[in-house]
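**Q** What follows is a single structure, and I will ask about it in a moment.
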Amino acid sequence: MPTKKNEYTVVGNHTVLGHEPGTTFSASLSAEQEQQLIDGGHLVAGKRPQEG
């Protein structure tokens, strides 16, 4: 069971784990769950750089 929290930003068009698109949050995800959400285009690790 993962215990370390990592920071993620929701980049898709759907809420992920209760977090709205564009928001950054910390969570303890399994490596498999993290990779599935990143590969699916739902999350990026860390804060998303500001555009413009």
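In the structure tokens, each chain is lettered A, B, ... as it comes, each chain's residues begin at 1, and ligands are numbered from 1 in order of appearance.
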Among chain A, which ones does DSSP place in strand (DSSP E or B), written as an MDAnalysis selection string?

**A** chainID A and resid 6:10 16 19 24:27 43:45

**Q** List every residue of chain A that DSSP, applied to the backbone, labels as helix (DSSP H, G or I), and write the result as a PyMOL selection string.

**A** chain A and resi 31-39

**Q** Write the selection just made, keeping all heavy atoms, as an mmCIF file, in the first residue's frame?

**A**
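Saved as part_8.cif:
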data_model
loop_
_atom_site.group_PDB
_atom_site.id
_atom_site.type_symbol
_atom_site.label_atom_id
_atom_site.label_comp_id
_atom_site.auth_asym_id
_atom_site.auth_seq_id
_atom_site.Cartn_x
_atom_site.Cartn_y
_atom_site.Cartn_z
ATOM 1 N N ALA A 31 1.509 2.669 -8.126
ATOM 2 C CA ALA A 31 2.240 2.939 -9.369
ATOM 3 C C ALA A 31 1.365 2.608 -10.575
ATOM 4 O O ALA A 31 1.362 3.335 -11.574
ATOM 5 C CB ALA A 31 3.539 2.136 -9.393
ATOM 6 N N GLU A 32 0.600 1.530 -10.476
ATOM 7 C CA GLU A 32 -0.272 1.113 -11.581
ATOM 8 C C GLU A 32 -1.381 2.133 -11.828
ATOM 9 O O GLU A 32 -1.637 2.525 -12.970
ATOM 10 C CB GLU A 32 -0.877 -0.254 -11.278
ATOM 11 C CG GLU A 32 -1.759 -0.773 -12.383
ATOM 12 C CD GLU A 32 -2.363 -2.141 -12.078
ATOM 13 O OE1 GLU A 32 -2.101 -2.710 -11.002
ATOM 14 O OE2 GLU A 32 -3.121 -2.625 -12.920
ATOM 15 N N GLN A 33 -2.037 2.579 -10.761
ATOM 16 C CA GLN A 33 -3.118 3.548 -10.910
ATOM 17 C C GLN A 33 -2.575 4.868 -11.448
ATOM 18 O O GLN A 33 -3.182 5.478 -12.342
ATOM 19 C CB GLN A 33 -3.825 3.776 -9.572
ATOM 20 C CG GLN A 33 -5.032 4.683 -9.692
ATOM 21 C CD GLN A 33 -5.754 4.880 -8.382
ATOM 22 O OE1 GLN A 33 -5.187 4.682 -7.304
ATOM 23 N NE2 GLN A 33 -7.001 5.271 -8.451
ATOM 24 N N GLU A 34 -1.432 5.310 -10.925
ATOM 25 C CA GLU A 34 -0.814 6.541 -11.405
ATOM 26 C C GLU A 34 -0.534 6.454 -12.909
ATOM 27 O O GLU A 34 -0.886 7.354 -13.667
ATOM 28 C CB GLU A 34 0.482 6.806 -10.648
ATOM 29 C CG GLU A 34 1.229 8.026 -11.157
ATOM 30 C CD GLU A 34 2.565 8.187 -10.474
ATOM 31 O OE1 GLU A 34 3.559 7.591 -10.940
ATOM 32 O OE2 GLU A 34 2.618 8.918 -9.465
ATOM 33 N N GLN A 35 0.073 5.362 -13.339
ATOM 34 C CA GLN A 35 0.434 5.214 -14.746
ATOM 35 C C GLN A 35 -0.799 5.165 -15.639
ATOM 36 O O GLN A 35 -0.810 5.749 -16.717
ATOM 37 C CB GLN A 35 1.299 3.968 -14.956
ATOM 38 C CG GLN A 35 2.047 3.986 -16.262
ATOM 39 C CD GLN A 35 2.979 5.190 -16.386
ATOM 40 O OE1 GLN A 35 3.799 5.431 -15.513
ATOM 41 N NE2 GLN A 35 2.848 5.933 -17.463
ATOM 42 N N GLN A 36 -1.848 4.494 -15.197
ATOM 43 C CA GLN A 36 -3.079 4.425 -15.991
ATOM 44 C C GLN A 36 -3.699 5.808 -16.165
ATOM 45 O O GLN A 36 -4.153 6.157 -17.255
ATOM 46 C CB GLN A 36 -4.091 3.487 -15.328
ATOM 47 C CG GLN A 36 -3.717 2.029 -15.433
ATOM 48 C CD GLN A 36 -4.674 1.127 -14.674
ATOM 49 O OE1 GLN A 36 -5.426 1.575 -13.816
ATOM 50 N NE2 GLN A 36 -4.628 -0.160 -14.979
ATOM 51 N N LEU A 37 -3.722 6.610 -15.110
ATOM 52 C CA LEU A 37 -4.322 7.944 -15.189
ATOM 53 C C LEU A 37 -3.473 8.888 -16.042
ATOM 54 O O LEU A 37 -4.008 9.704 -16.789
ATOM 55 C CB LEU A 37 -4.535 8.513 -13.788
ATOM 56 C CG LEU A 37 -5.651 7.832 -12.991
ATOM 57 C CD1 LEU A 37 -5.601 8.246 -11.525
ATOM 58 C CD2 LEU A 37 -7.006 8.137 -13.588
ATOM 59 N N ILE A 38 -2.150 8.761 -15.960
ATOM 60 C CA ILE A 38 -1.263 9.586 -16.782
ATOM 61 C C ILE A 38 -1.357 9.157 -18.240
ATOM 62 O O ILE A 38 -1.527 9.993 -19.134
ATOM 63 C CB ILE A 38 0.185 9.522 -16.262
ATOM 64 C CG1 ILE A 38 0.271 10.248 -14.902
ATOM 65 C CG2 ILE A 38 1.153 10.141 -17.274
ATOM 66 C CD1 ILE A 38 1.593 10.088 -14.195
ATOM 67 N N ASP A 39 -1.276 7.850 -18.494
ATOM 68 C CA ASP A 39 -1.364 7.344 -19.870
ATOM 69 C C ASP A 39 -2.709 7.680 -20.513
ATOM 70 O O ASP A 39 -2.792 7.902 -21.714
ATOM 71 C CB ASP A 39 -1.148 5.830 -19.918
ATOM 72 C CG ASP A 39 0.289 5.430 -19.649
ATOM 73 O OD1 ASP A 39 1.186 6.305 -19.643
ATOM 74 O OD2 ASP A 39 0.513 4.217 -19.440
#

**Q** Counting only C-alpha atoms, what is within 9 Å of stretch 10-23 of chain A, bar same-chain residues fewer than 2 positions away, as a ChimeraX atom specification?

**A** /A:8,25,37,40-44,47-48

**Q** Keeping only N, CA and C atoms, write the selected residues as a PDB file, in the first residue's frame.

**A**
ATOM      1  N   TYR A   8      -0.246  15.920  -8.172  1.00  0.00           N
ATOM      2  CA  TYR A   8      -0.771  15.687  -9.518  1.00  0.00           C
ATOM      3  C   TYR A   8      -1.640  16.865  -9.926  1.00  0.00           C
ATOM      4  N   PHE A  25      -3.523  18.488  -6.762  1.00  0.00           N
ATOM      5  CA  PHE A  25      -3.812  17.846  -5.484  1.00  0.00           C
ATOM      6  C   PHE A  25      -2.709  16.858  -5.145  1.00  0.00           C
ATOM      7  N   LEU A  37      -3.722   6.610 -15.110  1.00  0.00           N
ATOM      8  CA  LEU A  37      -4.322   7.944 -15.189  1.00  0.00           C
ATOM      9  C   LEU A  37      -3.473   8.888 -16.042  1.00  0.00           C
ATOM     10  N   GLY A  40      -3.762   7.725 -19.706  1.00  0.00           N
ATOM     11  CA  GLY A  40      -5.096   8.035 -20.214  1.00  0.00           C
ATOM     12  C   GLY A  40      -5.334   9.521 -20.453  1.00  0.00           C
ATOM     13  N   GLY A  41      -4.348  10.344 -20.113  1.00  0.00           N
ATOM     14  CA  GLY A  41      -4.486  11.780 -20.332  1.00  0.00           C
ATOM     15  C   GLY A  41      -5.319  12.492 -19.282  1.00  0.00           C
ATOM     16  N   HIS A  42      -5.446  11.887 -18.106  1.00  0.00           N
ATOM     17  CA  HIS A  42      -6.261  12.477 -17.046  1.00  0.00           C
ATOM     18  C   HIS A  42      -5.437  13.293 -16.066  1.00  0.00           C
ATOM     19  N   LEU A  43      -4.178  12.904 -15.863  1.00  0.00           N
ATOM     20  CA  LEU A  43      -3.303  13.557 -14.891  1.00  0.00           C
ATOM     21  C   LEU A  43      -1.927  13.803 -15.472  1.00  0.00           C
ATOM     22  N   VAL A  44      -1.234  14.784 -14.891  1.00  0.00           N
ATOM     23  CA  VAL A  44       0.211  14.921 -15.063  1.00  0.00           C
ATOM     24  C   VAL A  44       0.791  14.973 -13.652  1.00  0.00           C
ATOM     25  N   LYS A  47       2.839  20.068 -10.712  1.00  0.00           N
ATOM     26  CA  LYS A  47       1.989  21.190 -11.107  1.00  0.00           C
ATOM     27  C   LYS A  47       2.127  21.428 -12.593  1.00  0.00           C
ATOM     28  N   ARG A  48       1.048  21.774 -13.219  1.00  0.00           N
ATOM     29  CA  ARG A  48       1.061  22.074 -14.644  1.00  0.00           C
ATOM     30  C   ARG A  48       1.608  23.484 -14.839  1.00  0.00           C
TER      31      ARG A  48
END
